[in-house]
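A short write-up of the structure that comes next.
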Amino acid sequence: MTGSRVRPDALDPPDPPGMAAMPVPLEAEVCGDLVVGRPPADEIRRHIGYPAHAVPGTTVAERIQAVTDESAAVLRPRGAFAIHGVTGQTPHRLLVERVTIRGDVARFVGAADRIAVVVATAGAGISELADRYNAEGDSLGALIADAIGSWAAEATADAVTDRVKTHAGPGEAVTLRYSPGYCGMAMTQQAVLFGLVDAEAAGVSLLPSMLMQPLKSVSGIVGIGPAAGPEAVRLESPCDACGRVNCHMRR
């Protein structure tokens with residue numbers, strides 16, 4: 001990839017008219033045999049809003065343990081990814097043949113010559129467990145189950161990303177994952193990403209609201225390219241440049 005591919009946004013050509021056909025991926029995989037293990041208690045505490053070094057009381061700690069035990073039977077981690085070549089790039093756009101991915105994410109992945117679109121889910125069972133707790137009047141149990149679902153969806157996406165890393169060549173690296181709704185990528189970009197990966201094969205569908213079904217699902221992209229040199233992909237976290245230093249989801 002040469003530096004001539006990166007141009008100021010002012011020089012961006014308009015998007016091609018009409019609907020773009022889904023590009024054929026360079027590599028693709030449906031990951032139905034993923035294992036995410038047991039959620040660490042500190043991760044569950046983080047997802048329900050506890051500061052890093054705070055220790056919950058006995059009642060909360062015991063409920064976290066009990067809900068974690070019950071959640072093990074309902075988590076169904078699955079995912080899919082598709083790797084595409086990047087055919088054009090500006091700081092705010094990535095072009096994959098006739099498909100344009102918009103947002104600051106293009107700046108964050110750096111000079112990647114390939115991207116992988118990742119979709120992952122913890123399955124519907126964990127949300128159903130949270131709903132059951134709510135129906136029983138157990139709001140704490142519902143909160144914990146929801147946190148476990150969020151953790152499991154992210155852990156599943158990490159496991160899918162690990163599969164993507166096996167397709168990086170010698171001297172190449174894979175960036176952090178960037179998702180619609182974060183890092184300057186609008187939620188509407190969900191529809192673009194779902195046109196680049198076979199999410200339904202992993203049991204994930206996109207609602208008109210741009211939310212995913214099952215609810216505890218994650219989508220995003222990672223960049224793939226040289227690990228060093230002037231054309232290296234960016235490996236640092238965008239959180240390093242974010243002023244929200246107390247964000248409990250900071251990477």
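Letters A, B, ... mark the chains of the structure tokens in the order given; residue numbers begin at 1 per chain; ligand numbers begin at 1, in order shown.
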To test your reading of the structure, identify every residue in stretch 63-243 of chain A that backbone DSSP assigns to strand (DSSP E or B), and report it as a VMD selection string. chain A and resid 78 to 85 88 to 90 93 to 96 99 to 102 110 114 to 121 172 to 174 178 205 to 206 212 to 213 217 to 226 233
Write out as a PyMOL selection string which residues come within 6 Å of stretch 22-39 of chain A when counting only C-alpha atoms, dropping same-chain ones fewer than 5 positions away. chain A and resi 77-84+195
Those same residues - N, CA and C atoms - I'd like them written as a PDB file, in the first residue's frame.
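And here is the file that came out, result28.pdb:
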```pdb
ATOM      1  N   PRO A  77     -21.868 -18.596  22.682  1.00  0.00           N
ATOM      2  CA  PRO A  77     -21.002 -17.717  21.885  1.00  0.00           C
ATOM      3  C   PRO A  77     -20.828 -18.219  20.452  1.00  0.00           C
ATOM      4  N   ARG A  78     -21.095 -17.328  19.509  1.00  0.00           N
ATOM      5  CA  ARG A  78     -20.932 -17.619  18.080  1.00  0.00           C
ATOM      6  C   ARG A  78     -20.468 -16.344  17.394  1.00  0.00           C
ATOM      7  N   GLY A  79     -19.888 -16.502  16.235  1.00  0.00           N
ATOM      8  CA  GLY A  79     -19.465 -15.316  15.511  1.00  0.00           C
ATOM      9  C   GLY A  79     -19.120 -15.611  14.072  1.00  0.00           C
ATOM     10  N   ALA A  80     -18.769 -14.571  13.357  1.00  0.00           N
ATOM     11  CA  ALA A  80     -18.348 -14.694  11.959  1.00  0.00           C
ATOM     12  C   ALA A  80     -17.474 -13.502  11.620  1.00  0.00           C
ATOM     13  N   PHE A  81     -16.616 -13.687  10.627  1.00  0.00           N
ATOM     14  CA  PHE A  81     -15.839 -12.562  10.118  1.00  0.00           C
ATOM     15  C   PHE A  81     -15.643 -12.720   8.623  1.00  0.00           C
ATOM     16  N   ALA A  82     -15.365 -11.595   7.976  1.00  0.00           N
ATOM     17  CA  ALA A  82     -15.032 -11.581   6.552  1.00  0.00           C
ATOM     18  C   ALA A  82     -13.922 -10.561   6.348  1.00  0.00           C
ATOM     19  N   ILE A  83     -12.874 -10.960   5.657  1.00  0.00           N
ATOM     20  CA  ILE A  83     -11.732 -10.090   5.388  1.00  0.00           C
ATOM     21  C   ILE A  83     -11.845  -9.546   3.964  1.00  0.00           C
ATOM     22  N   HIS A  84     -11.703  -8.229   3.843  1.00  0.00           N
ATOM     23  CA  HIS A  84     -11.802  -7.559   2.548  1.00  0.00           C
ATOM     24  C   HIS A  84     -10.574  -6.685   2.318  1.00  0.00           C
ATOM     25  N   GLY A 195     -23.585  -5.668   5.375  1.00  0.00           N
ATOM     26  CA  GLY A 195     -23.497  -5.992   3.962  1.00  0.00           C
ATOM     27  C   GLY A 195     -22.163  -6.590   3.566  1.00  0.00           C
TER      28      GLY A 195
END
```
Set the distance at 8 Å and use only C-alpha atoms: which residues neighbour A:His92 once local chain neighbours fewer than 6 positions away are removed? I'd like the list as a count of residues only. 7
Please report the interatomic distance between atom CA of A:Thr161 and atom CA of A:Val118 in Å with one decimal. 7.2 Å
For the contact check between stretch 36-145 of chain A and stretch 217-228 of chain A, emit one row per residue of stretch 36-145 of chain A within 6 Å, containing the shortest atom pair and the distance in Å rounded to one decimal, counting only C-alpha atoms, chain then rising number order, as JSON lines.
```
{"residue": "A:Val109", "atom": "CA", "partner": "A:Gly223", "partner_atom": "CA", "distance": 5.3}
{"residue": "A:Ala112", "atom": "CA", "partner": "A:Gly225", "partner_atom": "CA", "distance": 4.7}
{"residue": "A:Asp113", "atom": "CA", "partner": "A:Gly225", "partner_atom": "CA", "distance": 5.6}
{"residue": "A:Arg114", "atom": "CA", "partner": "A:Ile224", "partner_atom": "CA", "distance": 5.1}
{"residue": "A:Ile115", "atom": "CA", "partner": "A:Gly223", "partner_atom": "CA", "distance": 4.4}
{"residue": "A:Ala116", "atom": "CA", "partner": "A:Val222", "partner_atom": "CA", "distance": 5.3}
{"residue": "A:Val117", "atom": "CA", "partner": "A:Ile221", "partner_atom": "CA", "distance": 4.5}
{"residue": "A:Val118", "atom": "CA", "partner": "A:Gly220", "partner_atom": "CA", "distance": 5.3}
{"residue": "A:Val119", "atom": "CA", "partner": "A:Ser219", "partner_atom": "CA", "distance": 4.4}
{"residue": "A:Ala120", "atom": "CA", "partner": "A:Val218", "partner_atom": "CA", "distance": 5.2}
{"residue": "A:Thr121", "atom": "CA", "partner": "A:Ser217", "partner_atom": "CA", "distance": 4.0}
```
Generate a file of the selected residues that holds C-alpha atoms, formatted as a JSON list (two decimals), in the first residue's frame.
```json
[["chain", "number", "residue", "atom", "x", "y", "z"],
["A", 109, "VAL", "CA", -6.99, 1.77, 11.68],
["A", 112, "ALA", "CA", -4.44, -1.00, 6.81],
["A", 113, "ASP", "CA", -4.55, -2.74, 3.45],
["A", 114, "ARG", "CA", -7.23, -5.17, 4.63],
["A", 115, "ILE", "CA", -10.07, -5.00, 7.10],
["A", 116, "ALA", "CA", -12.02, -7.75, 8.81],
["A", 117, "VAL", "CA", -15.68, -7.17, 9.59],
["A", 118, "VAL", "CA", -16.51, -9.02, 12.81],
["A", 119, "VAL", "CA", -19.90, -10.03, 14.22],
["A", 120, "ALA", "CA", -20.25, -11.91, 17.50],
["A", 121, "THR", "CA", -23.03, -12.84, 19.90]]
```
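The spacing separating atom CA of A:Ile126 from atom CA of A:Ala157 amounts to 16.0 Å.
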Exercise: stretch 42-47 of chain A partners within 12 Å, only C-alpha atoms, chain neighbours under 3 positions left out, as an NGL selection string: :A and (38-39 or 50-57 or 60-61 or 63-65 or 67-68 or 141 or 143-152 or 154-155 or 246-250)
A straight line from atom CA of A:Asp158 to atom CA of A:Pro40 spans 15.1 Å
Find the spatial neighbours of A:Val192, counting only C-alpha atoms, within a cut-off of 8 Å - ignore same-chain residues fewer than 4 positions away - and output them as a count of residues only. 5
Neighbours of A:Pro180 within 7 Å (only C-alpha atoms; same-chain residues fewer than 4 positions away dropped), as a PDB file with N, CA and C atoms, in the first residue's frame?
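Wrote around.pdb, looks like this:
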```pdb
ATOM      1  N   MET A 185     -17.862   6.586  14.553  1.00  0.00           N
ATOM      2  CA  MET A 185     -18.565   5.811  13.534  1.00  0.00           C
ATOM      3  C   MET A 185     -20.040   5.743  13.917  1.00  0.00           C
ATOM      4  N   ALA A 186     -20.903   6.306  13.089  1.00  0.00           N
ATOM      5  CA  ALA A 186     -22.334   6.383  13.397  1.00  0.00           C
ATOM      6  C   ALA A 186     -22.972   5.002  13.437  1.00  0.00           C
ATOM      7  N   MET A 187     -24.052   4.886  14.221  1.00  0.00           N
ATOM      8  CA  MET A 187     -24.773   3.620  14.309  1.00  0.00           C
ATOM      9  C   MET A 187     -25.300   3.160  12.955  1.00  0.00           C
ATOM     10  N   GLN A 189     -23.817   2.937  10.356  1.00  0.00           N
ATOM     11  CA  GLN A 189     -22.813   2.132   9.663  1.00  0.00           C
ATOM     12  C   GLN A 189     -22.999   0.635   9.916  1.00  0.00           C
ATOM     13  N   GLN A 190     -23.871   0.294  10.889  1.00  0.00           N
ATOM     14  CA  GLN A 190     -24.206  -1.114  11.088  1.00  0.00           C
ATOM     15  C   GLN A 190     -24.675  -1.752   9.784  1.00  0.00           C
ATOM     16  N   GLY A 220     -18.132  -4.891  14.404  1.00  0.00           N
ATOM     17  CA  GLY A 220     -17.046  -3.934  14.294  1.00  0.00           C
ATOM     18  C   GLY A 220     -16.073  -4.319  13.206  1.00  0.00           C
TER      19      GLY A 220
END
```
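Nearest-residue note for A:Met212: choosing from A:Ala124, A:Ala135, A:Ile48, A:Ala111, the minimum distance belongs to A:Ala124, counting only C-alpha atoms.
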For A:Gly125: contacts at 9 Å, only C-alpha atoms, fewer than 3 positions along chain excluded, given as a ChimeraX atom specification: /A:71,73-76,122,128-130,214
Could you write out the selected residues, including C-alpha atoms, as a PDB file, in the first residue's frame?
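Result written to again.pdb:
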```pdb
ATOM      1  CA  SER A  71     -25.454 -18.006  33.202  1.00  0.00           C
ATOM      2  CA  ALA A  73     -25.846 -22.874  30.961  1.00  0.00           C
ATOM      3  CA  VAL A  74     -27.337 -20.199  28.691  1.00  0.00           C
ATOM      4  CA  LEU A  75     -24.355 -18.528  27.011  1.00  0.00           C
ATOM      5  CA  ARG A  76     -24.045 -19.509  23.334  1.00  0.00           C
ATOM      6  CA  ALA A 122     -23.464 -14.323  23.353  1.00  0.00           C
ATOM      7  CA  GLU A 128     -33.919 -14.204  28.546  1.00  0.00           C
ATOM      8  CA  LEU A 129     -32.343 -14.972  31.933  1.00  0.00           C
ATOM      9  CA  ALA A 130     -32.238 -11.251  32.749  1.00  0.00           C
ATOM     10  CA  PRO A 214     -29.797 -11.177  19.901  1.00  0.00           C
TER      11      PRO A 214
END
```
List every residue of stretch 27-133 of chain A that DSSP, applied to the backbone of this structure, assigns to alpha helix (DSSP H), and report them as a VMD selection string. chain A and resid 41 to 47 58 to 71 105 to 108 125 to 133
